[in-house]
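Report on one structure; see the data block that follows.
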Amino acid sequence: MDDTLAPAAPLAPSAPGSLSDRRAIRELPDELISQIAAGEVVERPSSVVRELVDNALDAGGTQIQLKLIAGGIRSLIVEDDGHGIPDGELPLAIKRHATSKIGSLDDLEAVATMGFRGEALAAVSSVAELAIVSRHTGASHAWRLDARSGELSPAARARGTSVEVRELFFNTPARRKFLKSEGTELAHCLEALRRHALARPDVGFAVWHEGKLVDQWRAAPLPQRISEVLNEDFIAQSREVFHEVGPLRVHGRVGLPEAARSRADMQYVYVNGRYVRDKLIAHAIRSAFDDVLHGHRQPTYVLFIDVQPELVDVNVHPTKIEVRFRDGREIHQQVRRAVVAALALSRSDESPQAAAPDAPTAAPTGNGRERWTGTPAWERPMAVAGEPAAPYQPPAPYDAPSARFAGPEGWRAPIPTRAQTALALEQAEALYASASQGGLPTATGAGSGLDAGARSAYGPGTASPSALAAFGTAPAGPLPASQAGEWPLGRAIAQIQGVYVLAENAQGLVIVDMHAAHERVVYERLKTALGETRIESQPLLIPVTFAATPAEIATAEAQAETLQRLGLDIAPLSAKVLAVRERPALLAGGDVVDLARGVLAELAQFDASHAIERAQHEILATMACHGAVRANRQLTLDEMNALLRDMERTERADQCNHGRPTWRQLTLRDLDALFLRGR
Ligand SMILES: Nc1ncnc2c1ncn2[C@@H]1O[C@H](COP(=O)(O)OP(=O)(O)OP(=O)(O)O)[C@@H](O)[C@H]1O
Ligand SMILES: [Mg+2]
């Protein structure tokens, strides 16, 4: 490579735009105008996919096929079985500002079609070779229009339209250079199709690349479409969202915290059926995860927001990927509520037990929180704290065109049941494999509670029995076996390696991560306590002192008030020592010094004015982690049962504060599969 310094090329004195050489103002030729417009609309082959599939859907297509060559750069064909275009209108279809979709400003304000600008085909035909073959409803044969020559000729095809786009950017080589590898462009095209496919499960889609079928989705209910388009786990690891306020409807599915990803690549938001990227909505959804998802984990969701078309402006971006809401705040609030409500339903609510007609119904507890009601989640109205629950209205099955953007979810079978909450068979098999390699885990405590003496034998560093004051609300004594089936999380039977609690319920085996579960329970209690006024503190008989860093001392002094609200009294005893005199009553069992250090570290990140809710929740999570029962602590059966009952009572008990699951169900079917029974 020659990297000697070449003399810089002199600036061309008459480069366009140079001030010294002013040109006269003139109108640009049509072709150039379209090419400029194409710069906004057509970035890469996937943009063409988006536009052509929009058109196919607007034409009422029910089967849409995409055929690609070389990632869509060489050739890209979209075929539909829609109403087609009459031959007389074909030349107009590729003209700029020619559309059949709107005719007035009023139409624009209430637009219900994907397209309305009348520029997509014109833009594409200005940067690629384009041909349309279309047979209009009732026409005896099809017509083919070659965009470049304008030639119209008879052709053969069934009702519908094929649009062929070849050699994208052949006449704008600079733009062609921006394209990535064929593989990358193909991936973008597939993603564009996925976005459509998720929004329109009632339409069948198929995509071919270089003659090979890459993906095919037949018309299906939404949950099935989602699991086919995204992945099979999505449904199992997500909750249904359904929230309706007047004409506003938010529905779809949102992934559980444990399904969160490091990339924001499974976030689909649709406004009136149109895929959008909207910061406001993304923020509303993320904020609903504040409690359960820390750090940079990205939630997953497929969410449909349906509003009256008049309340949203879709004409703010050339590719329509952004929208503007007339009342953004309201949308933000409702979207957040919808997601919060979906996440708050404890997973135990969705266990098949709940569907049993004779399932027990616990009395409401009066504190406004979701409780076990014995009614399956899908049959219950979404109760939003502080709001009367609206009676449940099953969404209308998809019924185009009147319900065109009503968010098609024709199928609302009670799917989040045992198959979804159970461990996947592979996981179970992996469990089995590891158990058989490393020796089977030993169950301890089965059938007998440890007595106090045995418990104290676990020595210093393990929590005292009072550590479990937090879950002392269970009925005393082991549950009679007959009653066990009535508890969603069942009856405790054993503890494994000081980490997991095993319980038996009607479906089979429940495995609980005891630390994670207790942490969740404690966290929710702290949150309620803080929400009420302040967290109740408990004075220590003898203050606990510890050597503190200057930063810790400074924080303790600056944040004394916040610490008080958190139920902590931490004050300097000397220049290098802090003393803890009070700690939250809810955290009676944990290590006081650990707790104090953890909270101070958390508080040090925020200045005094920065006492925002978000931070508080993170601090509470830290506190809960320090206060929760440690792994390696032996529990009695009573304590285990108390934990299970507390989990059932606690919102979101199925995920710990770090987004990990707190319990899993192994159904009898899973167990049978492990032992190859019944095959
Ligand atoms: N697949 C198709 N089936 C039937 N008619 C079509 C199809 N594709 C395009 N048309 C007709 O051609 C017209 C122009 O399409 P084009 O995509 O350029 O504009 P548009 O869809 O009206 O608006 P936008 O630029 O916002 O997409 C459409 O209004 C429609 O009448
Ligand atoms: Mg269009």
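Please note that chains go A, B, ... in the order of the structure tokens, that every chain numbers its residues from 1, and that ligands are numbered from 1 in the order shown.
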- request: Please give me, as number ranges by chain, the residues lying within 9 Å of ligand 1 when counting only C-alpha atoms and all ligand atoms.
  value: A: 41, 51-61, 78-86, 89-90, 92-102, 113-124, 132, 134, 136, 160-163, 318-320
For the selection you just gave me, I'd like the residues written to a file as a PDB file, in the first residue's frame, keeping C-alpha atoms.
ATOM      1  CA  VAL A  41     -37.410   6.217   2.025  1.00  0.00           C
ATOM      2  CA  GLU A  51     -42.864  -0.548   1.445  1.00  0.00           C
ATOM      3  CA  LEU A  52     -43.955  -3.376  -0.813  1.00  0.00           C
ATOM      4  CA  VAL A  53     -45.401  -5.457   2.006  1.00  0.00           C
ATOM      5  CA  ASP A  54     -47.217  -2.365   3.305  1.00  0.00           C
ATOM      6  CA  ASN A  55     -48.792  -2.059  -0.131  1.00  0.00           C
ATOM      7  CA  ALA A  56     -49.683  -5.746  -0.281  1.00  0.00           C
ATOM      8  CA  LEU A  57     -51.425  -5.504   3.095  1.00  0.00           C
ATOM      9  CA  ASP A  58     -53.230  -2.330   2.102  1.00  0.00           C
ATOM     10  CA  ALA A  59     -54.513  -4.222  -0.944  1.00  0.00           C
ATOM     11  CA  GLY A  60     -56.083  -6.807   1.368  1.00  0.00           C
ATOM     12  CA  GLY A  61     -53.538  -9.526   0.646  1.00  0.00           C
ATOM     13  CA  VAL A  78     -43.202  -9.219  -3.374  1.00  0.00           C
ATOM     14  CA  GLU A  79     -46.331 -11.065  -4.472  1.00  0.00           C
ATOM     15  CA  ASP A  80     -49.789 -10.758  -2.983  1.00  0.00           C
ATOM     16  CA  ASP A  81     -53.317 -11.964  -3.608  1.00  0.00           C
ATOM     17  CA  GLY A  82     -54.923  -8.595  -2.943  1.00  0.00           C
ATOM     18  CA  HIS A  83     -57.334  -6.620  -5.074  1.00  0.00           C
ATOM     19  CA  GLY A  84     -54.758  -5.655  -7.674  1.00  0.00           C
ATOM     20  CA  ILE A  85     -54.480  -2.495  -9.771  1.00  0.00           C
ATOM     21  CA  PRO A  86     -56.584  -1.850 -12.885  1.00  0.00           C
ATOM     22  CA  GLU A  89     -54.040   3.002 -13.165  1.00  0.00           C
ATOM     23  CA  LEU A  90     -50.768   1.128 -13.384  1.00  0.00           C
ATOM     24  CA  LEU A  92     -50.133   6.246 -11.975  1.00  0.00           C
ATOM     25  CA  ALA A  93     -48.998   3.809  -9.297  1.00  0.00           C
ATOM     26  CA  ILE A  94     -45.372   4.661  -9.984  1.00  0.00           C
ATOM     27  CA  LYS A  95     -45.948   8.377 -10.267  1.00  0.00           C
ATOM     28  CA  ARG A  96     -44.892  10.583  -7.398  1.00  0.00           C
ATOM     29  CA  HIS A  97     -47.676  11.837  -5.142  1.00  0.00           C
ATOM     30  CA  ALA A  98     -50.181   9.461  -6.696  1.00  0.00           C
ATOM     31  CA  THR A  99     -52.136   7.336  -4.250  1.00  0.00           C
ATOM     32  CA  SER A 100     -55.490   5.622  -3.931  1.00  0.00           C
ATOM     33  CA  LYS A 101     -55.388   5.835  -0.153  1.00  0.00           C
ATOM     34  CA  ILE A 102     -56.170   9.428   0.701  1.00  0.00           C
ATOM     35  CA  THR A 113     -53.854   2.287   5.704  1.00  0.00           C
ATOM     36  CA  MET A 114     -50.131   1.684   5.977  1.00  0.00           C
ATOM     37  CA  GLY A 115     -49.367   3.898   2.993  1.00  0.00           C
ATOM     38  CA  PHE A 116     -50.732   7.332   2.193  1.00  0.00           C
ATOM     39  CA  ARG A 117     -47.870   9.404   0.795  1.00  0.00           C
ATOM     40  CA  GLY A 118     -48.033   8.052  -2.741  1.00  0.00           C
ATOM     41  CA  GLU A 119     -44.289   8.047  -3.108  1.00  0.00           C
ATOM     42  CA  ALA A 120     -42.950   4.596  -2.286  1.00  0.00           C
ATOM     43  CA  LEU A 121     -43.154   3.040  -5.723  1.00  0.00           C
ATOM     44  CA  ALA A 122     -41.943   6.274  -7.358  1.00  0.00           C
ATOM     45  CA  ALA A 123     -38.971   6.399  -4.997  1.00  0.00           C
ATOM     46  CA  VAL A 124     -38.063   2.758  -5.536  1.00  0.00           C
ATOM     47  CA  ILE A 132     -45.410  -4.393 -11.677  1.00  0.00           C
ATOM     48  CA  SER A 134     -51.096  -6.932 -11.510  1.00  0.00           C
ATOM     49  CA  HIS A 136     -57.336  -6.443 -10.758  1.00  0.00           C
ATOM     50  CA  GLY A 160     -53.206  -9.797  -7.051  1.00  0.00           C
ATOM     51  CA  THR A 161     -49.974  -7.982  -7.617  1.00  0.00           C
ATOM     52  CA  SER A 162     -46.275  -8.791  -7.999  1.00  0.00           C
ATOM     53  CA  VAL A 163     -43.773  -6.011  -7.729  1.00  0.00           C
ATOM     54  CA  PRO A 318     -40.770   9.690   5.664  1.00  0.00           C
ATOM     55  CA  THR A 319     -40.647   6.012   6.553  1.00  0.00           C
ATOM     56  CA  LYS A 320     -43.478   6.369   9.094  1.00  0.00           C
TER      57      LYS A 320
END
query: Skipping near chain neighbours, those fewer than 5 positions away, what residues fall within 6 Å of stretch 663-665 of chain A using only C-alpha atoms, listed as a list in words?
result: Ala422, Leu509, Val510, Ile511, Val512, Asp513 and Asp654 of chain A
Kindly assemble as a tab-separated table a list of the stretch 553-593 of chain A residues that lie within 6 Å of stretch 540-547 of chain A, each paired with its nearest atom pair and their distance in Å to one decimal, using only C-alpha atoms, sorted first by chain and then by ascending residue number.
residue	atom	partner	partner_atom	distance
A:Lys576	CA	A:Ala547	CA	5.8
A:Val577	CA	A:Ala547	CA	4.6
A:Leu578	CA	A:Thr545	CA	5.5
A:Ala579	CA	A:Thr545	CA	4.2
A:Val580	CA	A:Val544	CA	5.2
A:Arg581	CA	A:Pro543	CA	4.7
A:Glu582	CA	A:Leu540	CA	5.5
Quick one: everything within 10 Å of A:His209, counting only C-alpha atoms, minus sequence neighbours fewer than 6 positions away in the same chain. Send it as a tab-separated table (two decimals) with C-alpha atoms, in the first residue's frame.
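Written out: selection_28.tsv:
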chain	number	residue	atom	x	y	z
A	66	LEU	CA	-41.11	-12.42	-0.66
A	67	LYS	CA	-38.47	-13.72	-3.07
A	68	LEU	CA	-34.93	-12.48	-2.78
A	69	ILE	CA	-31.68	-12.87	-4.65
A	70	ALA	CA	-28.37	-11.75	-3.20
A	71	GLY	CA	-29.90	-10.38	-0.01
A	72	GLY	CA	-32.46	-8.48	-2.06
A	75	SER	CA	-33.66	-8.94	-7.05
A	76	LEU	CA	-36.55	-8.54	-4.66
A	186	LEU	CA	-30.85	-10.58	3.90
A	215	ASP	CA	-39.31	-18.95	6.51
